[in-house]
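See below for query-v9.cif, which holds mmCIF, C-alpha atoms.
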```
data_entry
#
loop_
_atom_site.label_atom_id
_atom_site.label_comp_id
_atom_site.auth_asym_id
_atom_site.auth_seq_id
_atom_site.Cartn_x
_atom_site.Cartn_y
_atom_site.Cartn_z
CA MET Z 1 -15.50 13.11 11.90
CA ALA Z 2 -16.49 9.46 11.72
CA ALA Z 3 -16.03 6.96 14.52
CA GLY Z 4 -13.41 4.45 13.45
CA TYR Z 5 -12.64 2.43 16.55
CA ALA Z 6 -11.88 -1.19 15.72
CA GLU Z 7 -10.23 -4.26 17.19
CA PRO Z 8 -7.43 -6.19 15.43
CA LEU Z 9 -8.71 -8.71 12.89
CA VAL Z 10 -6.28 -11.31 14.24
CA THR Z 11 -4.21 -11.43 17.42
CA HIS Z 12 -2.15 -14.61 17.04
CA ILE Z 13 0.32 -12.89 14.69
CA TYR Z 14 1.22 -9.29 13.94
CA THR Z 15 0.01 -7.96 10.60
CA ALA Z 16 0.33 -4.61 8.80
CA ASP Z 17 -0.10 -2.80 5.46
CA PRO Z 18 -3.42 -4.48 4.53
CA SER Z 19 -4.36 -4.69 0.85
CA ALA Z 20 -7.98 -5.80 0.62
CA HIS Z 21 -9.75 -7.39 -2.36
CA VAL Z 22 -12.95 -9.27 -3.02
CA PHE Z 23 -12.38 -12.54 -4.87
CA ASN Z 24 -15.17 -15.10 -5.41
CA ASP Z 25 -17.49 -13.13 -3.10
CA ARG Z 26 -15.03 -13.49 -0.22
CA LEU Z 27 -12.96 -10.72 1.33
CA TYR Z 28 -9.21 -11.35 1.20
CA ILE Z 29 -6.59 -9.25 2.95
CA TYR Z 30 -2.94 -9.32 1.90
CA PRO Z 31 -0.88 -7.88 4.77
CA SER Z 32 2.74 -7.73 5.79
CA HIS Z 33 3.66 -10.13 8.60
CA ASP Z 34 5.49 -8.27 11.35
CA VAL Z 35 8.03 -10.08 13.49
CA GLU Z 36 10.36 -9.14 16.32
CA SER Z 37 13.57 -8.65 14.36
CA GLY Z 38 15.77 -7.36 17.17
CA ILE Z 39 17.09 -4.65 14.84
CA PRO Z 40 17.28 -1.10 16.28
CA GLN Z 41 14.90 1.46 14.81
CA ASN Z 42 16.24 3.82 12.13
CA ASP Z 43 14.96 5.98 9.26
CA ASN Z 44 15.81 3.25 6.73
CA GLY Z 45 13.22 0.98 8.35
CA ASP Z 46 15.69 -1.82 9.00
CA HIS Z 47 13.63 -2.86 12.04
CA PHE Z 48 10.79 -3.83 9.68
CA ASP Z 49 12.50 -7.10 8.73
CA MET Z 50 9.49 -9.13 7.59
CA ARG Z 51 10.19 -12.59 6.18
CA ASP Z 52 6.93 -14.07 4.88
CA TYR Z 53 3.28 -13.39 4.13
CA HIS Z 54 0.09 -14.78 5.69
CA ILE Z 55 -3.16 -14.11 3.83
CA LEU Z 56 -6.36 -13.47 5.77
CA SER Z 57 -9.95 -13.89 4.59
CA MET Z 58 -13.54 -13.71 5.78
CA ASP Z 59 -16.99 -14.15 4.32
CA GLU Z 60 -18.72 -11.81 6.75
CA VAL Z 61 -17.53 -8.56 8.29
CA GLY Z 62 -17.31 -9.13 12.02
CA GLY Z 63 -17.25 -12.88 11.50
CA GLU Z 64 -14.46 -15.42 11.71
CA VAL Z 65 -11.18 -14.43 10.08
CA THR Z 66 -9.17 -17.25 8.52
CA ASP Z 67 -5.37 -17.22 8.47
CA HIS Z 68 -4.42 -19.36 5.48
CA GLY Z 69 -0.88 -19.93 6.71
CA MET Z 70 2.37 -18.96 5.06
CA ALA Z 71 1.73 -18.01 1.44
CA LEU Z 72 5.26 -16.98 0.46
CA SER Z 73 8.59 -16.87 2.28
CA VAL Z 74 11.73 -14.86 1.57
CA ASP Z 75 13.51 -18.23 1.48
CA ASP Z 76 11.50 -19.15 -1.65
CA ILE Z 77 12.63 -16.12 -3.69
CA PRO Z 78 15.88 -16.65 -5.65
CA TRP Z 79 16.83 -12.97 -5.85
CA ALA Z 80 16.00 -12.18 -2.23
CA GLY Z 81 18.07 -10.07 0.05
CA ARG Z 82 15.80 -9.02 2.91
CA GLN Z 83 12.62 -7.23 3.99
CA LEU Z 84 9.34 -8.40 2.47
CA TRP Z 85 7.32 -5.21 2.83
CA ALA Z 86 3.75 -4.24 1.91
CA PRO Z 87 2.27 -6.50 -0.82
CA ASP Z 88 -0.78 -6.39 -3.05
CA ALA Z 89 -2.69 -8.90 -5.15
CA ALA Z 90 -4.71 -9.09 -8.36
CA GLU Z 91 -6.65 -11.69 -10.32
CA LYS Z 92 -6.85 -12.23 -14.06
CA ASP Z 93 -8.35 -15.18 -15.94
CA GLY Z 94 -8.34 -17.39 -12.86
CA THR Z 95 -4.72 -16.76 -11.88
CA TYR Z 96 -3.87 -14.78 -8.76
CA TYR Z 97 -0.83 -12.53 -8.64
CA LEU Z 98 0.97 -11.47 -5.48
CA TYR Z 99 3.15 -8.38 -5.90
CA PHE Z 100 5.78 -7.71 -3.27
CA PRO Z 101 8.64 -5.29 -2.58
CA LEU Z 102 11.91 -6.87 -1.54
CA LYS Z 103 15.51 -5.79 -1.30
CA ASP Z 104 17.87 -7.68 -3.57
CA LYS Z 105 21.28 -8.95 -2.52
CA GLN Z 106 22.70 -5.43 -3.04
CA ASP Z 107 20.09 -3.99 -0.63
CA VAL Z 108 18.12 -2.26 -3.41
CA PHE Z 109 14.33 -2.57 -3.44
CA HIS Z 110 12.55 -4.06 -6.46
CA ILE Z 111 9.07 -5.49 -6.96
CA GLY Z 112 8.56 -9.19 -7.43
CA VAL Z 113 5.57 -11.20 -8.54
CA ALA Z 114 4.34 -14.65 -7.55
CA THR Z 115 1.39 -16.65 -8.86
CA SER Z 116 -1.20 -19.09 -7.60
CA ASP Z 117 -4.48 -20.67 -8.70
CA ASP Z 118 -5.91 -19.91 -5.24
CA PRO Z 119 -6.32 -16.38 -3.82
CA ALA Z 120 -5.05 -17.70 -0.48
CA GLY Z 121 -1.89 -19.18 -1.99
CA PRO Z 122 0.62 -20.63 -1.65
CA PHE Z 123 2.33 -18.48 -4.29
CA GLU Z 124 5.19 -19.42 -6.59
CA PRO Z 125 7.62 -16.52 -7.18
CA GLN Z 126 9.23 -15.63 -10.47
CA PRO Z 127 13.02 -16.09 -10.52
CA GLU Z 128 13.71 -12.38 -11.08
CA PRO Z 129 12.02 -9.12 -10.04
CA MET Z 130 9.83 -7.26 -12.52
CA ALA Z 131 12.06 -5.57 -15.09
CA GLY Z 132 12.34 -1.84 -14.46
CA SER Z 133 10.71 -2.03 -11.04
CA PHE Z 134 12.01 -0.18 -8.01
CA SER Z 135 11.04 1.14 -4.59
CA ILE Z 136 8.12 -0.25 -2.54
CA ASP Z 137 4.37 -0.54 -1.94
CA PRO Z 138 2.95 -1.93 -5.18
CA ALA Z 139 -0.81 -1.42 -5.49
CA VAL Z 140 -2.63 -2.86 -8.49
CA PHE Z 141 -5.85 -1.27 -9.72
CA LYS Z 142 -8.17 -2.90 -12.27
CA ASP Z 143 -10.09 -0.28 -14.23
CA ASP Z 144 -13.58 -0.72 -15.64
CA ASP Z 145 -12.14 -1.43 -19.10
CA GLY Z 146 -10.13 -4.40 -17.82
CA GLU Z 147 -6.75 -2.66 -17.84
CA TYR Z 148 -4.50 -3.15 -14.81
CA TYR Z 149 -2.22 -0.43 -13.41
CA MET Z 150 0.46 -0.64 -10.77
CA TYR Z 151 1.03 2.32 -8.45
CA PHE Z 152 4.17 2.22 -6.33
CA GLY Z 153 6.86 4.11 -4.47
CA GLY Z 154 7.92 5.29 -1.04
CA ILE Z 155 10.53 7.77 0.14
CA TRP Z 156 13.05 7.46 2.99
CA GLY Z 157 13.56 3.71 3.53
CA GLY Z 158 11.52 3.01 0.40
CA GLN Z 159 14.32 4.50 -1.75
CA LEU Z 160 12.04 6.37 -4.20
CA GLN Z 161 14.15 9.50 -3.78
CA ARG Z 162 17.07 7.64 -5.39
CA TYR Z 163 15.31 7.65 -8.78
CA GLU Z 164 14.91 11.40 -9.29
CA GLY Z 165 17.62 11.53 -11.95
CA GLU Z 166 18.30 9.56 -15.11
CA GLU Z 167 19.99 6.78 -13.16
CA TYR Z 168 19.77 5.17 -9.72
CA ASN Z 169 21.55 7.28 -7.12
CA PRO Z 170 22.77 5.27 -4.10
CA GLU Z 171 22.79 8.46 -2.03
CA ASP Z 172 19.57 9.79 -0.51
CA GLU Z 173 19.00 13.23 -1.99
CA TYR Z 174 15.68 15.07 -1.79
CA PRO Z 175 14.27 18.10 -3.61
CA ALA Z 176 14.40 21.43 -1.79
CA ASP Z 177 11.46 22.22 0.47
CA ASP Z 178 10.12 24.78 -2.04
CA ALA Z 179 10.42 22.35 -5.00
CA PRO Z 180 7.80 19.80 -6.07
CA ALA Z 181 7.87 16.71 -3.87
CA VAL Z 182 9.09 13.31 -5.03
CA LYS Z 183 6.26 11.81 -7.06
CA PRO Z 184 4.68 8.37 -6.87
CA ARG Z 185 4.91 6.17 -9.94
CA ILE Z 186 2.51 4.31 -12.23
CA ALA Z 187 2.77 1.81 -15.07
CA LYS Z 188 0.19 -0.21 -16.95
CA LEU Z 189 0.73 -3.94 -16.57
CA SER Z 190 1.32 -6.23 -19.53
CA ASP Z 191 -1.23 -8.84 -20.57
CA ASP Z 192 0.59 -11.55 -18.63
CA MET Z 193 0.61 -9.37 -15.46
CA MET Z 194 4.33 -10.08 -15.03
CA SER Z 195 5.86 -6.89 -16.41
CA PHE Z 196 5.26 -3.24 -17.22
CA ALA Z 197 3.61 -2.64 -20.58
CA GLU Z 198 5.08 0.87 -20.82
CA PRO Z 199 7.76 3.09 -19.32
CA VAL Z 200 7.16 4.01 -15.68
CA LYS Z 201 5.52 7.44 -15.34
CA GLU Z 202 5.41 10.00 -12.54
CA ILE Z 203 2.08 11.02 -10.99
CA ASP Z 204 1.32 14.67 -10.33
CA ILE Z 205 -0.41 15.55 -7.05
CA LEU Z 206 -1.67 19.12 -7.13
CA ASP Z 207 -3.19 21.55 -4.66
CA GLN Z 208 -6.54 23.24 -5.24
CA ASN Z 209 -4.80 25.96 -7.29
CA GLY Z 210 -3.33 23.40 -9.67
CA ASP Z 211 0.20 23.77 -8.30
CA PRO Z 212 2.35 20.76 -7.36
CA ILE Z 213 2.45 19.72 -3.71
CA LEU Z 214 5.89 20.75 -2.42
CA THR Z 215 8.55 18.76 -0.57
CA GLY Z 216 8.19 20.91 2.53
CA ASP Z 217 4.44 20.36 2.69
CA ASN Z 218 4.78 17.14 4.66
CA ALA Z 219 1.15 17.22 5.81
CA ARG Z 220 0.06 16.63 2.19
CA ARG Z 221 2.99 15.35 0.15
CA PHE Z 222 3.29 11.72 -0.90
CA PHE Z 223 5.40 9.52 1.36
CA GLU Z 224 4.30 5.91 0.66
CA ALA Z 225 1.34 3.51 0.55
CA ALA Z 226 -0.42 4.44 -2.69
CA TRP Z 227 -3.91 3.04 -3.22
CA VAL Z 228 -6.54 3.73 -5.89
CA HIS Z 229 -10.27 3.13 -5.85
CA LYS Z 230 -12.98 4.41 -8.14
CA TYR Z 231 -16.20 6.00 -6.94
CA ASP Z 232 -18.92 7.61 -9.05
CA GLY Z 233 -16.62 7.76 -12.06
CA LYS Z 234 -13.76 9.49 -10.19
CA TYR Z 235 -10.33 8.05 -9.41
CA TYR Z 236 -9.32 8.38 -5.77
CA PHE Z 237 -5.58 8.27 -5.17
CA SER Z 238 -4.90 7.83 -1.46
CA TYR Z 239 -1.59 7.58 0.35
CA SER Z 240 0.35 8.00 3.59
CA THR Z 241 2.06 11.27 4.50
CA GLY Z 242 4.68 9.34 6.49
CA ASP Z 243 6.23 11.55 9.15
CA THR Z 244 2.91 13.38 9.68
CA HIS Z 245 1.16 10.01 9.98
CA LYS Z 246 -2.04 10.68 8.02
CA ILE Z 247 -3.85 8.85 5.24
CA VAL Z 248 -4.95 11.48 2.73
CA TYR Z 249 -6.48 11.48 -0.72
CA ALA Z 250 -6.58 13.28 -4.03
CA THR Z 251 -8.99 12.84 -6.95
CA GLY Z 252 -8.75 12.87 -10.72
CA ASP Z 253 -10.42 11.90 -13.98
CA ASN Z 254 -7.69 9.59 -15.27
CA PRO Z 255 -5.79 6.65 -13.75
CA TYR Z 256 -2.53 8.47 -14.54
CA GLY Z 257 -3.62 11.66 -12.80
CA PRO Z 258 -3.10 14.46 -12.25
CA PHE Z 259 -4.78 14.16 -8.87
CA THR Z 260 -5.99 17.14 -6.86
CA TYR Z 261 -5.54 16.98 -3.08
CA GLN Z 262 -8.84 16.81 -1.21
CA GLY Z 263 -8.30 15.98 2.46
CA VAL Z 264 -7.64 13.48 5.23
CA ILE Z 265 -9.16 10.00 5.30
CA LEU Z 266 -7.56 8.68 8.50
CA GLU Z 267 -6.05 10.58 11.40
CA PRO Z 268 -2.77 9.27 12.93
CA VAL Z 269 -2.77 5.88 14.58
CA GLN Z 270 -0.68 4.52 17.44
CA GLY Z 271 2.74 3.65 16.02
CA TRP Z 272 4.86 5.47 13.45
CA THR Z 273 3.47 4.08 10.21
CA ASN Z 274 0.05 4.52 8.64
CA HIS Z 275 -0.81 2.29 5.67
CA HIS Z 276 -4.20 1.39 4.26
CA SER Z 277 -6.44 0.09 1.52
CA ILE Z 278 -10.06 0.74 0.52
CA ALA Z 279 -12.52 -1.85 -0.77
CA LYS Z 280 -16.24 -2.33 -1.23
CA TYR Z 281 -17.77 -5.51 0.16
CA LYS Z 282 -21.45 -6.45 0.11
CA GLY Z 283 -22.50 -2.90 -0.70
CA GLN Z 284 -20.43 -1.12 1.98
CA TRP Z 285 -17.08 0.65 1.59
CA TYR Z 286 -14.38 -0.16 4.15
CA LEU Z 287 -11.04 1.27 5.15
CA PHE Z 288 -8.36 -1.24 6.13
CA TYR Z 289 -5.43 0.03 8.20
CA HIS Z 290 -3.13 -0.94 11.04
CA ASP Z 291 -1.88 0.34 14.37
CA SER Z 292 0.41 -0.80 17.19
CA SER Z 293 -2.20 -1.15 19.93
CA LEU Z 294 -1.88 -4.92 20.32
CA SER Z 295 1.90 -4.72 20.88
CA GLY Z 296 1.63 -1.85 23.35
CA GLY Z 297 2.96 0.72 20.91
CA LYS Z 298 5.84 -1.12 19.24
CA THR Z 299 6.04 0.53 15.83
CA TRP Z 300 7.35 -2.60 14.10
CA LEU Z 301 4.68 -4.91 15.59
CA ARG Z 302 1.35 -3.84 14.11
CA SER Z 303 -2.16 -5.23 13.73
CA VAL Z 304 -4.61 -4.91 10.85
CA LYS Z 305 -8.03 -3.37 11.49
CA MET Z 306 -11.00 -2.32 9.38
CA THR Z 307 -13.78 0.23 9.70
CA GLU Z 308 -16.58 1.64 7.55
CA LEU Z 309 -15.71 4.42 5.11
CA THR Z 310 -18.25 6.99 3.93
CA HIS Z 311 -18.39 9.07 0.76
CA ARG Z 312 -20.57 12.16 1.03
CA GLU Z 313 -23.02 13.08 -1.73
CA ASP Z 314 -20.41 15.38 -3.28
CA GLY Z 315 -17.89 12.52 -3.37
CA SER Z 316 -15.73 13.75 -0.50
CA ILE Z 317 -14.68 11.24 2.16
CA VAL Z 318 -15.59 11.66 5.82
CA THR Z 319 -12.41 11.83 7.92
CA ILE Z 320 -12.05 8.90 10.32
CA ASP Z 321 -10.82 9.13 13.90
CA PRO Z 322 -9.36 5.66 14.57
CA TYR Z 323 -10.04 5.88 18.30
CA LYS Z 324 -13.48 7.47 18.34
CA LYS Z 325 -16.18 5.01 19.37
CA ALA Z 326 -19.65 5.11 17.85
CA GLU Z 327 -22.24 6.55 20.19
#
```

As C-alpha cells:
Amino acid sequence: MAAGYAEPLVTHIYTADPSAHVFNDRLYIYPSHDVESGIPQNDNGDHFDMRDYHILSMDEVGGEVTDHGMALSVDDIPWAGRQLWAPDAAEKDGTYYLYFPLKDKQDVFHIGVATSDDPAGPFEPQPEPMAGSFSIDPAVFKDDDGEYYMYFGGIWGGQLQRYEGEEYNPEDEYPADDAPAVKPRIAKLSDDMMSFAEPVKEIDILDQNGDPILTGDNARRFFEAAWVHKYDGKYYFSYSTGDTHKIVYATGDNPYGPFTYQGVILEPVQGWTNHHSIAKYKGQWYLFYHDSSLSGGKTWLRSVKMTELTHREDGSIVTIDPYKKAE
C-alpha cells in the first residue's frame, strides 16, 4: 500500500471534490467551496450548501497554490435553487467550460454549464441547465480522438435513484439488494460543449465474472464521483462507494464501458465523503482528494489534497493509504 499522507493545498478556505486538469502547462483544480451552512446533517446532504466556486492553480507540485477568487456564484445563475456541488471543467478551441450540478427552484438537481476565455474564470453561466441533464458530479473526459464525454450521477442526495424508470420519480426508491445497482450515466457532448449529442446511457460495472455489481455490494457499487482517465490504452472508471468511503476503480476498452471492477485506489479519509480526480502532470500521475482534517473532522468542511498515484506494470493501481507517511 502506498504512502499518501498530504497536507491541504490551501487553508484559508475549505475546498472539496477536486477536479484536476492541465491547461497551458499549468495545473488547475476545480473544487467545491465548503462553507459553514448551519444546516443539520442528513442523508440528503442539505448541510453541503455550497454557494460559489474558487479555482486553484499551480505551476509546480509542492509550490505556491494560487486562489483565483470567486469564479462563479449561485447568485449569477438564473435557474438556481441551491447547492453548488462538485464541478468539472474542459477546454475546447480556446474556450473553457465549467460544468456544475445545482438544484433548481423545485429542488431537483440538473447540470449547468458556464464559459470563460480563461481557465481560472470568471465564468458566465448559461440561462438554463443542460437539456436532459440530471443528478450530480459531472466529469468530462476528452478522448484521444477529440471526442468529449460527460460521466455523471450520484445516489442518495444526488437523486440518481429517481431516474430508474421512464420518468422522474420524486420518491427515493432503490433496487433490491440482490438486483443490479443503480448505474452511473454517460453522454457524448455536442460540438458546442453545451448539450448532449445523444441520449443519456447507463454504464455497466461488472465483477470479475462478468456479472453486474449488486445494490447490496456497497463496498464496490457506484455511489457518486465518477472520473475517467486513460492509461496504456485502457479506460479507467473510478468512483466513490459512498457509505463505505472508498475510491475504487474498474477498467474497460471503451469510454461507454462495460467496466470490470479491479480494486481500491484510496482508503477512507477523515470525514464522510470521499471524492477524487486523477491527472498526469509533468510526467507523474497524481490523485486529488479531500478530507476533513483541517476542520477537525467536520464532514461538511473539507480540504483538497494531492498525492502521487502509481500504476503497476500490469496496469493495476497501487492502493493509497491517505495517512501513511513515506519512510

- Query: Quick one: of Z:Tyr239, Z:Trp300, Z:Lys103, Z:Ala120, who's nearest to Z:Gly69, counting all atoms listed in the file?
  - Reply: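 Closest residue, counting all atoms listed in the file: Z:Ala120.
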
On this structure, the PyMOL selection byres ((chain Z and resi 109) around 8) would catch which residues? List them as a PDB file with C-alpha atoms, keeping the file's coordinate frame, sorted by chain and number.
```pdb
ATOM      1  CA  PRO Z 101       8.640  -5.290  -2.580  1.00  0.00           C
ATOM      2  CA  LEU Z 102      11.910  -6.870  -1.540  1.00  0.00           C
ATOM      3  CA  LYS Z 103      15.510  -5.790  -1.300  1.00  0.00           C
ATOM      4  CA  ASP Z 104      17.870  -7.680  -3.570  1.00  0.00           C
ATOM      5  CA  ASP Z 107      20.090  -3.990  -0.630  1.00  0.00           C
ATOM      6  CA  VAL Z 108      18.120  -2.260  -3.410  1.00  0.00           C
ATOM      7  CA  HIS Z 110      12.550  -4.060  -6.460  1.00  0.00           C
ATOM      8  CA  ILE Z 111       9.070  -5.490  -6.960  1.00  0.00           C
ATOM      9  CA  PHE Z 134      12.010  -0.180  -8.010  1.00  0.00           C
ATOM     10  CA  SER Z 135      11.040   1.140  -4.590  1.00  0.00           C
ATOM     11  CA  ILE Z 136       8.120  -0.250  -2.540  1.00  0.00           C
ATOM     12  CA  GLY Z 158      11.520   3.010   0.400  1.00  0.00           C
ATOM     13  CA  GLN Z 159      14.320   4.500  -1.750  1.00  0.00           C
TER      14      GLN Z 159
END
```

- Query: Just so the selection is clear, what residues does the PyMOL selection byres ((chain Z and resi 303-305) around 12) cover here, as an MDAnalysis selection string?
  - Reply: chainID Z and resid 4:20 29:35 55:56 61:62 65 269:271 273:278 286:302 306:308 322:323

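With only C-alpha atoms as the atoms that count, the minimum distance from Z:Tyr53 to the choices Z:Asp25, Z:Asp192, Z:Asp207, Z:Asp88 is reached by Z:Asp88.
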
- Given the file above and the PyMOL selection byres ((chain Z and resi 222) around 6), which residues are selected, and can you give them as number ranges by chain? Z: 221, 223, 241

Generate the output file for the selected residues, C-alpha atoms, as a short mmCIF file (atom, residue, chain, number, x, y, z; two decimals), in the frame of the given file.
```
data_model
loop_
_atom_site.label_atom_id
_atom_site.label_comp_id
_atom_site.auth_asym_id
_atom_site.auth_seq_id
_atom_site.Cartn_x
_atom_site.Cartn_y
_atom_site.Cartn_z
CA ARG Z 221 2.99 15.35 0.15
CA PHE Z 223 5.40 9.52 1.36
CA THR Z 241 2.06 11.27 4.50
#
```

- Item | Neighbours of point (7.3, 26.5, -2.1) within 9 Å, using only C-alpha atoms, written as a PyMOL selection string | chain Z and resi 176-180+213-217

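Interatomic distance, atom CA of Z:Lys282 against atom CA of Z:Phe259: 28.0 Å.
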
- Query: How many Å lie between atom CA of Z:Pro119 and atom CA of Z:Pro138, rounded to one decimal?
  - Reply: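 These atoms are spaced 17.2 Å apart.
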
- Computed gap from atom CA of Z:Tyr174 to atom CA of Z:Gln161 is 6.1 Å

- Task: Could you give me, as JSON, numbers by chain, the residues within 8 Å of Z:Gln262, counting only C-alpha atoms and dropping anything in the same chain fewer than 6 positions from it?
- Result: {"Z": [208, 248, 249, 250, 251, 316]}

- With distances taken over only C-alpha atoms, which of Z:Glu60, Z:Asp314, Z:Glu164, Z:Glu198 is nearest to Z:Asp232?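 Closest residue, counting only C-alpha atoms: Z:Asp314.
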
- When distances are computed from all atoms listed in the file, which of Z:Lys188, Z:Asp137, Z:Ile203, Z:Arg312 shows the smallest separation from Z:Gly157?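 Comparing Z:Lys188, Z:Asp137, Z:Ile203, Z:Arg312 against Z:Gly157, the winner is Z:Asp137.
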
- Mind checking which residues fall within 7 Å of Z:Gly257, counting all atoms listed in the file, ignoring those fewer than 4 positions away in the same chain, and posting them as a list in words?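 Here the answer would be Ile203, Asp204, Gly252 and Asp253 of chain Z.
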
- Which residue, Z:Gly233, Z:Pro212, Z:Pro258, Z:Gly146, has the smallest gap to Z:Leu189 when you use only C-alpha atoms?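 Of Z:Gly233, Z:Pro212, Z:Pro258, Z:Gly146, the one nearest Z:Leu189 is Z:Gly146, counting only C-alpha atoms.
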
Find the residues around Z:Lys246 up to 8 Å (all atoms listed in the file counted), leave out those fewer than 3 positions away in its own chain, and share them as a PDB file with C-alpha atoms, keeping the file's coordinate frame.
```pdb
ATOM      1  CA  ALA Z 219       1.150  17.220   5.810  1.00  0.00           C
ATOM      2  CA  SER Z 240       0.350   8.000   3.590  1.00  0.00           C
ATOM      3  CA  THR Z 241       2.060  11.270   4.500  1.00  0.00           C
ATOM      4  CA  GLY Z 242       4.680   9.340   6.490  1.00  0.00           C
ATOM      5  CA  VAL Z 264      -7.640  13.480   5.230  1.00  0.00           C
ATOM      6  CA  ILE Z 265      -9.160  10.000   5.300  1.00  0.00           C
ATOM      7  CA  LEU Z 266      -7.560   8.680   8.500  1.00  0.00           C
ATOM      8  CA  GLU Z 267      -6.050  10.580  11.400  1.00  0.00           C
ATOM      9  CA  PRO Z 268      -2.770   9.270  12.930  1.00  0.00           C
ATOM     10  CA  ASN Z 274       0.050   4.520   8.640  1.00  0.00           C
TER      11      ASN Z 274
END
```
